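Take a look at the structure below.
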Amino acid sequence: MLKKIYVLLFCITACTSHAQVIHPDSIYTVEDVIVSSNRLSRYTTGSKIVELDSALLTDKNNNTLADLLASQTQVFVKSYGIAGLSTPSFRGMNASQTAILWNGFNISSPMNGGQDLALLPINFVNTIKLQYGGAGALWGSGAIGGTIHLINTPAFDKGFTAGTSLSTGSFRDQQENVEISISKKRFISTTKFFHHQATNNFTYQNLAQYNKPEQTMKNAEFNQNGIIQENYFKINTAQHLSFRFWHQNNNRNLPASMTTDQSKANQKDEVIRSTIEWQRLKDKTAYFVRAAYFDETLAYADPQISLVSKSQSKTFIAEAESKIKLTDQQVLNIGINNTYNTAITKDYTFTPTQNRTSIFGSYQVRNKKSTLKSTLSARQEFISKGANPFTASVGAEAWFIKNIRLRGIVSKNYRIPTFNDLYWAQGGNPNLLPEEGWSEELGLAYFICKNKFSLEYEITALNSHVNNWIMWTPNNVGIWSPENIAEVVSRGLESDLKVHGTVRKLNMDIGFQYQHIETIYEKSNSSDQSSIGKQLIYTPVDKALISLGLEYRRFRIGGTYNYVGYRYTTADNVQFLKPYQLINLTFSKTVMFSSLLLKAYLQINNVTHEVYQNIAYYATPLQSYQVGIIINFNQPNKNKLNELR
Amino acid sequence: MNYAKNNPMKNSLLIAAFAAITILSACKKPTEDATPAGQYESGVFIVNEGPFLSGTGTISHYNRNDKTATNNIFQQANIFPLGNIVQSLNIFNGKGYIVVNQANKIEVVESATFKYTGTIRGLDQPRYIVPINDTKAYVSIWGSDGMTGAIKVVNLATNSVSSTITTGRKGMERMVKKDNFVYATCKGGNGNDSVVTIINSTTDAVLANLEVGPNPDGIVKDANGNIWVLCVGKFKSDYSSLAQNGRLVKINTTSNTVETSFTFSSIYAQPTGLTLNQDKTKLVYVYDGKVYAQDITATSLQSTVLVNRSFYGLGIDPNTNIMYGADAGNYSSNGKIVRFNIDGSKIDSFNVGVIPGNIFFK
């Protein structure tokens, strides 16, 4: 049994998109499994969706989402130092223009509109999908540049599983994970704990001092602890109930840049995320009712500026949707979402609340052979204070001569101002409008799918327009305040190649991804026009990723090469950071016994000792390593054993 | 015979070869630092704070004669950058002292070439430096928490801190020396304060903390030897408006008392950028989006608008009486300096570094 799972896990599913075309009949992709993100599985027609390889997720088990996205995807991750604030940028857009969804719930902070990727452990989720481009009609505010889907996928009747993974690495990095899972025919309980800490006392050359002395990184320690509990109940063949609870606390010091003398800053975060969901899946209809409660506290202290800032935000989300199979070729999805946010902090003059109600719908139609598909989606949101944004999208995909696929999507997207934008004292601007704009993209893909060889190549052209872009600038009396200032256009090309081949017992995967995307200030309302026609700061135009995986008798070598092009550091593009290239390697060996899986791995980061800066004058480590061991024990259920016999 | 014939030929070949080499070697380094020695002997120096967070500030130099600006002169001369938030510059005794606030240091350079000669460390959030004599200078600091202002006494011979004058006040900022006394504004640092600290520069003893008004920042000495202080005002705790408005205060340096105090009317706008014209008879400052001028003999706040716009920094060249306004633009691009005649008529402008603030004339 375990072997089967293992094989499934490590089998590269290069032909998945094709497979979906061949078996389109059920309204859920895989029968009898809880649908973790209903709209993602069906209504994203025309969008580019990249699922992170599951082999990769196990290899990077003891990393954060920030490390994973930076090294293994084309998402640009902006990081303030080794464990500092890390935010994603899809296609030139910023962190608050990226939606981060956990099982369909938007976990972006109502205060700053984002999530720190350095605080999201990979081992707490099973599947990570990246949806590129605008999807505002599906996911609401923030889904402009892209959407990160973090998904927990339960599997019934797998028996008892206990696992642990332990790792240690450079700069006193150590992590322990423990997982205990009981999976019966109608009930699952999974508990995972993790603890991760590091001192990050690496040496670097200080380029901002006379004679460029070697120094040791200080005040970069962190300590994280988390627990996630998942429970799933199968009420009957059609109905499921699920509960998820995630608690995590993080304590980290924030290091200084090379141009400042020292830092004593510290940040403590604590987060609780809990969700409940009921689903009823039938042949012609499916109903989903779900709710979530998120509570995030943040305490930031910087003794050098006598600053102690505490804040707490709370989010309640309630959502219901239903999927109706109108005919064999038509599906309709309608739903309603209510999101309530509040935040308590001395940085605002009062305690703001916000209630947002959205109604959304999608309609999909396809031809009999499923070689033509189109989805129309729309969403109307009503915000208690402020605008009522309407968004819509239409996407389509068509297959020609079995192995050529053309897809495209046009979407209207938006991002509502954050609480900080609206209410920060001093400077918050309660009159801000949402950022909004249109995105268009077209992708042409070519597939070869043979017995021992598969190839997938896609080229995507994209164009995106954002109006009312929010920026903080000083007003005429010198107070910094956000305004709907700019109009930003992002356009470019993405090229993705994926090859999989098997020669005897050697499995080989090769990936090559390249993007050239210009993100430009087209217009600005401000008197200062120095940034017009210029590339946004900290947004690389060129980015490339080559990945290679070789596996022979459960011995695996994985390697990635990342190229990040020039990034400007001033809005007039006068100052910039040079491109950098990073090579990471992972070696792992897995051993299987009847019910036991053992895996040992070695990860080497920045193999070539590249000296680079992601943010100006923030030091980054040279070569570093992590070694780890994963132990997994599985005892199948008794009835299952009988069945097998 | 042959000799006579061949000689000119050989010569011309040699000349051609020599010329080629000269041209080649000239081509090799087209942008190589053509800095003539002592290029920064005189001129206007603009202190560019640099981008927030992790960036580096720069110094720009403006040559009054050929009206050209050279940016980033420190890094050009020394390869490494200055560091985060370059606050101020002072030039004396043939040396330039560049105060880098977040890097907790002062970089010392040869003033004529801006070549690095040393670093003064042991300064927590330094702001400004004034010379006391050939071997001694005062550096105002905000302290490691931005709430414990002090004066650091610096030994210029060794580029080190020799002692600390603790004042118990917050946010020691700009200083003016008159006779044997240094007047230092206490801007509040990361909090609020309201005094000018008067220090005997011979004994380093604090003579008095004179109450002047909310968060004093700018300080100048006029033609009559009186000292003027610009208090920027104090915000309410929720920053909705000013709890105490800005003030322009005159200190009688004979009695060391406040002689005159004018209060600004706006509960939002803070006056900044106090400076003096060439003959030190007019106070010039930025307030509520405009540049104002005020006679030192006026008995109330005058509403003489010189320029109908705001500047992040302001300076008047004591040699030419030309006004330099620092425009920080969007605060994340290179800024510019706009030059005006003292009557407010615009002359021209030139580009400098990111967030130009203080301006030093030499």
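Chain labels A, B, ... are given in the sequence in which chains occur in the structure tokens; within each chain residues are numbered consecutively from 1, and ligands are likewise numbered from 1 in the order shown.
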Could you make a table, as a Markdown table, of the residues of chain A that have an atom within 10 Å of an atom of chain B, each with its nearest atom pair and distance in Å to one decimal, counting only C-alpha atoms, in chain and number order?
| residue | atom | partner | partner_atom | distance |
| --- | --- | --- | --- | --- |
| A:Tyr80 | CA | B:Ser54 | CA | 9.3 |
| A:Asn206 | CA | B:Phe80 | CA | 9.6 |
| A:Leu207 | CA | B:Phe80 | CA | 6.5 |
| A:Ala208 | CA | B:Pro81 | CA | 5.2 |
| A:Gln209 | CA | B:Phe80 | CA | 6.1 |
| A:Tyr210 | CA | B:Phe80 | CA | 6.3 |
| A:Asn211 | CA | B:Phe80 | CA | 8.0 |
| A:Lys212 | CA | B:Phe80 | CA | 7.7 |
| A:Ala256 | CA | B:Ser54 | CA | 8.1 |
| A:Ser257 | CA | B:Ser54 | CA | 5.5 |
| A:Met258 | CA | B:Ser54 | CA | 7.5 |
| A:Thr259 | CA | B:Gly83 | CA | 4.1 |
| A:Thr260 | CA | B:Ala103 | CA | 4.1 |
| A:Asp261 | CA | B:Ala103 | CA | 4.1 |
| A:Gln262 | CA | B:Ala103 | CA | 7.5 |
| A:Ser263 | CA | B:Gln102 | CA | 9.6 |
| A:Lys264 | CA | B:Ser144 | CA | 9.9 |
| A:Asp302 | CA | B:Asp145 | CA | 8.4 |
| A:Pro303 | CA | B:Asp145 | CA | 5.4 |
| A:Gln304 | CA | B:Asp145 | CA | 4.0 |
| A:Ile305 | CA | B:Asp145 | CA | 5.1 |
| A:Ser306 | CA | B:Asp145 | CA | 5.2 |
| A:Leu307 | CA | B:Asn190 | CA | 8.5 |
| A:Lys346 | CA | B:Asp238 | CA | 8.5 |
| A:Asp347 | CA | B:Asp238 | CA | 8.0 |
| A:Tyr348 | CA | B:Asp238 | CA | 7.7 |
| A:Thr349 | CA | B:Asp238 | CA | 5.8 |
| A:Phe350 | CA | B:Asp238 | CA | 9.5 |
| A:Trp424 | CA | B:Asp238 | CA | 9.6 |
| A:Ala425 | CA | B:Tyr239 | CA | 6.0 |
| A:Gln426 | CA | B:Tyr239 | CA | 5.2 |
| A:Gly427 | CA | B:Tyr239 | CA | 8.3 |
| A:Trp472 | CA | B:Asn330 | CA | 9.3 |
| A:Thr473 | CA | B:Asn330 | CA | 6.5 |
| A:Pro474 | CA | B:Asn330 | CA | 7.7 |
| A:Asn475 | CA | B:Gly289 | CA | 9.5 |
| A:Asn476 | CA | B:Gly289 | CA | 5.7 |
| A:Val477 | CA | B:Ala269 | CA | 5.5 |
| A:Gly478 | CA | B:Ala269 | CA | 8.2 |
| A:Ile479 | CA | B:Ala269 | CA | 9.2 |
| A:Ser526 | CA | B:Asn330 | CA | 8.5 |
| A:Ser527 | CA | B:Gly329 | CA | 8.3 |
| A:Asp528 | CA | B:Gly329 | CA | 5.7 |
| A:Gln529 | CA | B:Asn330 | CA | 8.6 |
| A:Ser530 | CA | B:Ser333 | CA | 7.1 |
| A:Ser531 | CA | B:Ser333 | CA | 7.6 |
| A:Ile537 | CA | B:Ser332 | CA | 9.2 |
| A:Thr569 | CA | B:Ser332 | CA | 8.1 |
| A:Thr570 | CA | B:Ser333 | CA | 5.1 |
| A:Ala571 | CA | B:Ser333 | CA | 5.0 |
| A:Asp572 | CA | B:Ser333 | CA | 5.0 |
| A:Asn573 | CA | B:Ser333 | CA | 7.6 |
| A:Val574 | CA | B:Ser333 | CA | 7.6 |
| A:Gln575 | CA | B:Ser333 | CA | 8.7 |
| A:Ile615 | CA | B:Ser54 | CA | 7.7 |
| A:Ala616 | CA | B:Ser54 | CA | 6.1 |
| A:Tyr617 | CA | B:Ser54 | CA | 6.0 |
| A:Tyr618 | CA | B:Ser54 | CA | 7.1 |
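For stretch 238-243 of chain A, the set of protein, DNA and RNA residues having any atom at most 6 Å away, when counting only C-alpha atoms and skipping those fewer than 2 positions along the same chain, is Glu230, Asn231, Tyr232, Phe233, Lys234, Ile235, Asn236, Thr275, Ile276, Glu277, Trp278, Gln279, Arg280 and Leu281 of chain A.
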Within 12 Å of stretch 319-322 of chain B, counting only C-alpha atoms, which residues qualify if same-chain residues fewer than 6 places away don't, as a ChimeraX atom specification?
/B:42-44,64-65,275-282,284,337-348,360-362
Write the residues of the selection above to a file with C-alpha atoms, as a tab-separated table (two decimals), in the first residue's frame.
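Just written: out_29.tsv:
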chain	number	residue	atom	x	y	z
B	42	SER	CA	34.81	75.29	-2.73
B	43	GLY	CA	31.23	75.01	-3.84
B	44	VAL	CA	27.85	73.92	-2.56
B	64	ARG	CA	29.23	77.68	-8.75
B	65	ASN	CA	31.51	78.69	-11.65
B	275	THR	CA	18.00	79.81	7.49
B	276	LEU	CA	19.37	83.36	7.12
B	277	ASN	CA	20.01	85.57	4.12
B	278	GLN	CA	23.52	86.82	3.23
B	279	ASP	CA	23.67	89.78	5.62
B	280	LYS	CA	21.80	87.82	8.30
B	281	THR	CA	18.98	90.35	8.60
B	282	LYS	CA	16.20	88.13	7.22
B	284	VAL	CA	13.80	82.44	5.81
B	337	ILE	CA	17.91	71.56	-6.12
B	338	VAL	CA	16.02	74.60	-7.36
B	339	ARG	CA	17.90	77.89	-7.20
B	340	PHE	CA	16.15	81.21	-6.56
B	341	ASN	CA	17.19	84.80	-6.19
B	342	ILE	CA	16.49	86.20	-2.76
B	343	ASP	CA	13.40	87.96	-4.16
B	344	GLY	CA	11.93	84.53	-4.98
B	345	SER	CA	12.51	84.58	-8.75
B	346	LYS	CA	13.62	81.19	-10.06
B	347	ILE	CA	17.09	80.86	-11.59
B	348	ASP	CA	17.55	77.22	-12.54
B	360	PHE	CA	26.44	73.21	3.09
B	361	PHE	CA	28.13	76.24	1.49
B	362	LYS	CA	31.87	76.59	1.21
Quick one: residues within 10 Å of A:Phe555, only C-alpha atoms counted, chain neighbours fewer than 2 positions away excluded, as a PyMOL selection string?
chain A and resi 506+550-553+557+587-591+599-601
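Take the candidates A:Ile510, A:Ala137, A:Ile631, A:Val489 and check each one against A:Glu522 using only C-alpha atoms; the shortest distance goes to A:Val489.
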Selection: 12 Å around B:Tyr97, only C-alpha atoms, excl. self and same-chain fewer than 6 positions, as number ranges by chain
B: 45, 47, 59, 74, 82, 86-91, 105-111, 114-120, 126-131, 137-139, 154, 156, 159, 360
Could you please take those selected residues and save N, CA and C atoms as a CSV table (one decimal), in the first residue's frame?
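Written file, out-v2.csv:
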chain,number,residue,atom,x,y,z
B,45,PHE,N,27.6,71.9,-1.2
B,45,PHE,CA,27.5,70.5,-1.0
B,45,PHE,C,26.1,70.2,-0.5
B,47,VAL,N,23.5,67.4,1.0
B,47,VAL,CA,23.5,66.1,1.7
B,47,VAL,C,22.2,65.4,1.3
B,59,ILE,N,26.5,62.4,-1.1
B,59,ILE,CA,26.8,63.8,-1.1
B,59,ILE,C,26.9,64.3,-2.6
B,74,PHE,N,31.3,61.0,-2.5
B,74,PHE,CA,32.0,60.2,-1.5
B,74,PHE,C,32.4,58.8,-2.1
B,82,LEU,N,28.3,55.6,1.9
B,82,LEU,CA,28.3,56.2,3.2
B,82,LEU,C,27.5,55.5,4.2
B,86,VAL,N,22.1,59.8,5.6
B,86,VAL,CA,23.2,60.7,5.7
B,86,VAL,C,22.5,62.0,6.2
B,87,GLN,N,22.8,62.4,7.4
B,87,GLN,CA,22.1,63.5,8.1
B,87,GLN,C,22.7,64.9,7.7
B,88,SER,N,24.0,65.0,7.9
B,88,SER,CA,24.6,66.4,7.8
B,88,SER,C,26.0,66.3,7.4
B,89,LEU,N,26.5,67.5,7.0
B,89,LEU,CA,27.9,67.6,6.6
B,89,LEU,C,28.5,68.9,7.2
B,90,ASN,N,29.7,68.9,7.7
B,90,ASN,CA,30.3,70.1,8.1
B,90,ASN,C,31.8,70.0,7.6
B,91,ILE,N,32.3,71.2,7.2
B,91,ILE,CA,33.7,71.2,6.7
B,91,ILE,C,34.5,72.2,7.5
B,105,LYS,N,27.8,56.7,12.8
B,105,LYS,CA,29.2,57.0,12.6
B,105,LYS,C,29.3,58.4,11.9
B,106,ILE,N,30.6,58.9,11.9
B,106,ILE,CA,30.9,60.1,11.1
B,106,ILE,C,32.1,59.7,10.2
B,107,GLU,N,31.9,59.8,8.9
B,107,GLU,CA,33.1,59.5,8.0
B,107,GLU,C,33.8,60.8,7.8
B,108,VAL,N,35.2,60.7,7.9
B,108,VAL,CA,36.0,61.9,7.8
B,108,VAL,C,36.8,61.9,6.5
B,109,VAL,N,36.7,63.0,5.7
B,109,VAL,CA,37.4,63.0,4.4
B,109,VAL,C,38.3,64.2,4.3
B,110,GLU,N,39.2,64.2,3.4
B,110,GLU,CA,40.0,65.4,3.0
B,110,GLU,C,38.9,66.3,2.3
B,111,SER,N,38.8,67.5,2.7
B,111,SER,CA,37.7,68.3,2.2
B,111,SER,C,37.9,68.6,0.7
B,114,PHE,N,37.6,64.7,-0.9
B,114,PHE,CA,36.7,63.8,-0.4
B,114,PHE,C,37.3,62.4,-0.2
B,115,LYS,N,38.6,62.3,-0.2
B,115,LYS,CA,39.2,61.0,0.1
B,115,LYS,C,39.1,60.6,1.6
B,116,TYR,N,38.7,59.4,1.8
B,116,TYR,CA,38.5,58.9,3.2
B,116,TYR,C,39.8,59.0,4.0
B,117,THR,N,39.6,59.5,5.3
B,117,THR,CA,40.8,59.6,6.2
B,117,THR,C,40.5,58.9,7.5
B,118,GLY,N,39.2,58.6,7.8
B,118,GLY,CA,38.9,57.9,9.1
B,118,GLY,C,37.4,57.9,9.4
B,119,THR,N,37.1,57.2,10.4
B,119,THR,CA,35.7,57.1,10.9
B,119,THR,C,35.6,57.3,12.4
B,120,ILE,N,34.7,58.1,12.7
B,120,ILE,CA,34.4,58.4,14.2
B,120,ILE,C,33.2,57.5,14.6
B,126,PRO,N,23.8,59.8,15.6
B,126,PRO,CA,24.4,61.2,15.5
B,126,PRO,C,23.6,62.1,14.5
B,127,ARG,N,23.6,63.4,14.8
B,127,ARG,CA,22.8,64.3,14.0
B,127,ARG,C,23.7,65.4,13.3
B,128,TYR,N,24.4,66.1,14.1
B,128,TYR,CA,25.2,67.3,13.6
B,128,TYR,C,26.5,67.4,14.3
B,129,ILE,N,27.5,68.0,13.6
B,129,ILE,CA,28.8,68.3,14.3
B,129,ILE,C,29.2,69.7,14.1
B,130,VAL,N,29.7,70.3,15.2
B,130,VAL,CA,30.2,71.7,15.1
B,130,VAL,C,31.6,71.7,15.7
B,131,PRO,N,32.5,72.5,15.1
B,131,PRO,CA,33.9,72.6,15.7
B,131,PRO,C,33.9,73.5,16.9
B,137,ALA,N,35.5,68.9,18.8
B,137,ALA,CA,34.2,69.2,18.2
B,137,ALA,C,33.1,68.6,19.0
B,138,TYR,N,31.9,69.2,18.8
B,138,TYR,CA,30.7,68.6,19.5
B,138,TYR,C,29.8,67.9,18.5
B,139,VAL,N,29.3,66.7,18.9
B,139,VAL,CA,28.4,66.0,18.0
B,139,VAL,C,27.1,65.8,18.8
B,154,VAL,N,34.2,65.2,20.7
B,154,VAL,CA,35.1,64.4,19.8
B,154,VAL,C,36.5,65.0,19.8
B,156,LEU,N,39.4,65.5,17.6
B,156,LEU,CA,39.6,65.5,16.1
B,156,LEU,C,41.0,65.0,15.7
B,159,ASN,N,40.1,61.1,16.0
B,159,ASN,CA,38.8,60.7,15.5
B,159,ASN,C,38.1,59.8,16.5
B,360,PHE,N,25.3,72.6,2.5
B,360,PHE,CA,26.4,73.2,3.1
B,360,PHE,C,27.2,74.1,2.0
Please return, as a ChimeraX atom specification, all residues of stretch 117-330 of chain B that DSSP assigns to strand (DSSP E) on the basis of the backbone.
/B:117-120,126-133,136-141,150-155,160-166,172-178,181-186,195-200,205-211,216-221,227-231,234-235,242-244,247-252,257-263,272-276,282-287,290-295,304-307,313-316,323-327
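Of the residues listed (B:Ser265, B:Lys95, B:Val229, B:Asn256), B:Val229 shows the shortest atom-to-atom separation from B:Tyr285; distances use only C-alpha atoms.
You will find atom CA of A:Asn123 at 5.3 Å from atom CA of A:Asn61.
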Residues near B:Leu207, anyone? I mean within 8 Å using only C-alpha atoms, not counting same-chain ones fewer than 3 positions away, as a ChimeraX atom specification.
/B:197-200
Since we have the selection now, will you write its residues out, keeping C-alpha atoms, as a tab-separated table (two decimals), in the first residue's frame?
chain	number	residue	atom	x	y	z
B	197	THR	CA	20.56	73.53	25.92
B	198	ILE	CA	23.30	76.08	26.50
B	199	ILE	CA	26.77	74.61	27.05
B	200	ASN	CA	30.02	76.27	28.04
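Proximity of B:Asn155, B:Thr272, B:Thr166, B:Ser60 to B:Ser140, computed with only C-alpha atoms, is greatest for B:Thr166.
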One decimal place gives the atom CA of A:Glu270-atom CA of A:Ser311 separation as 10.6 Å
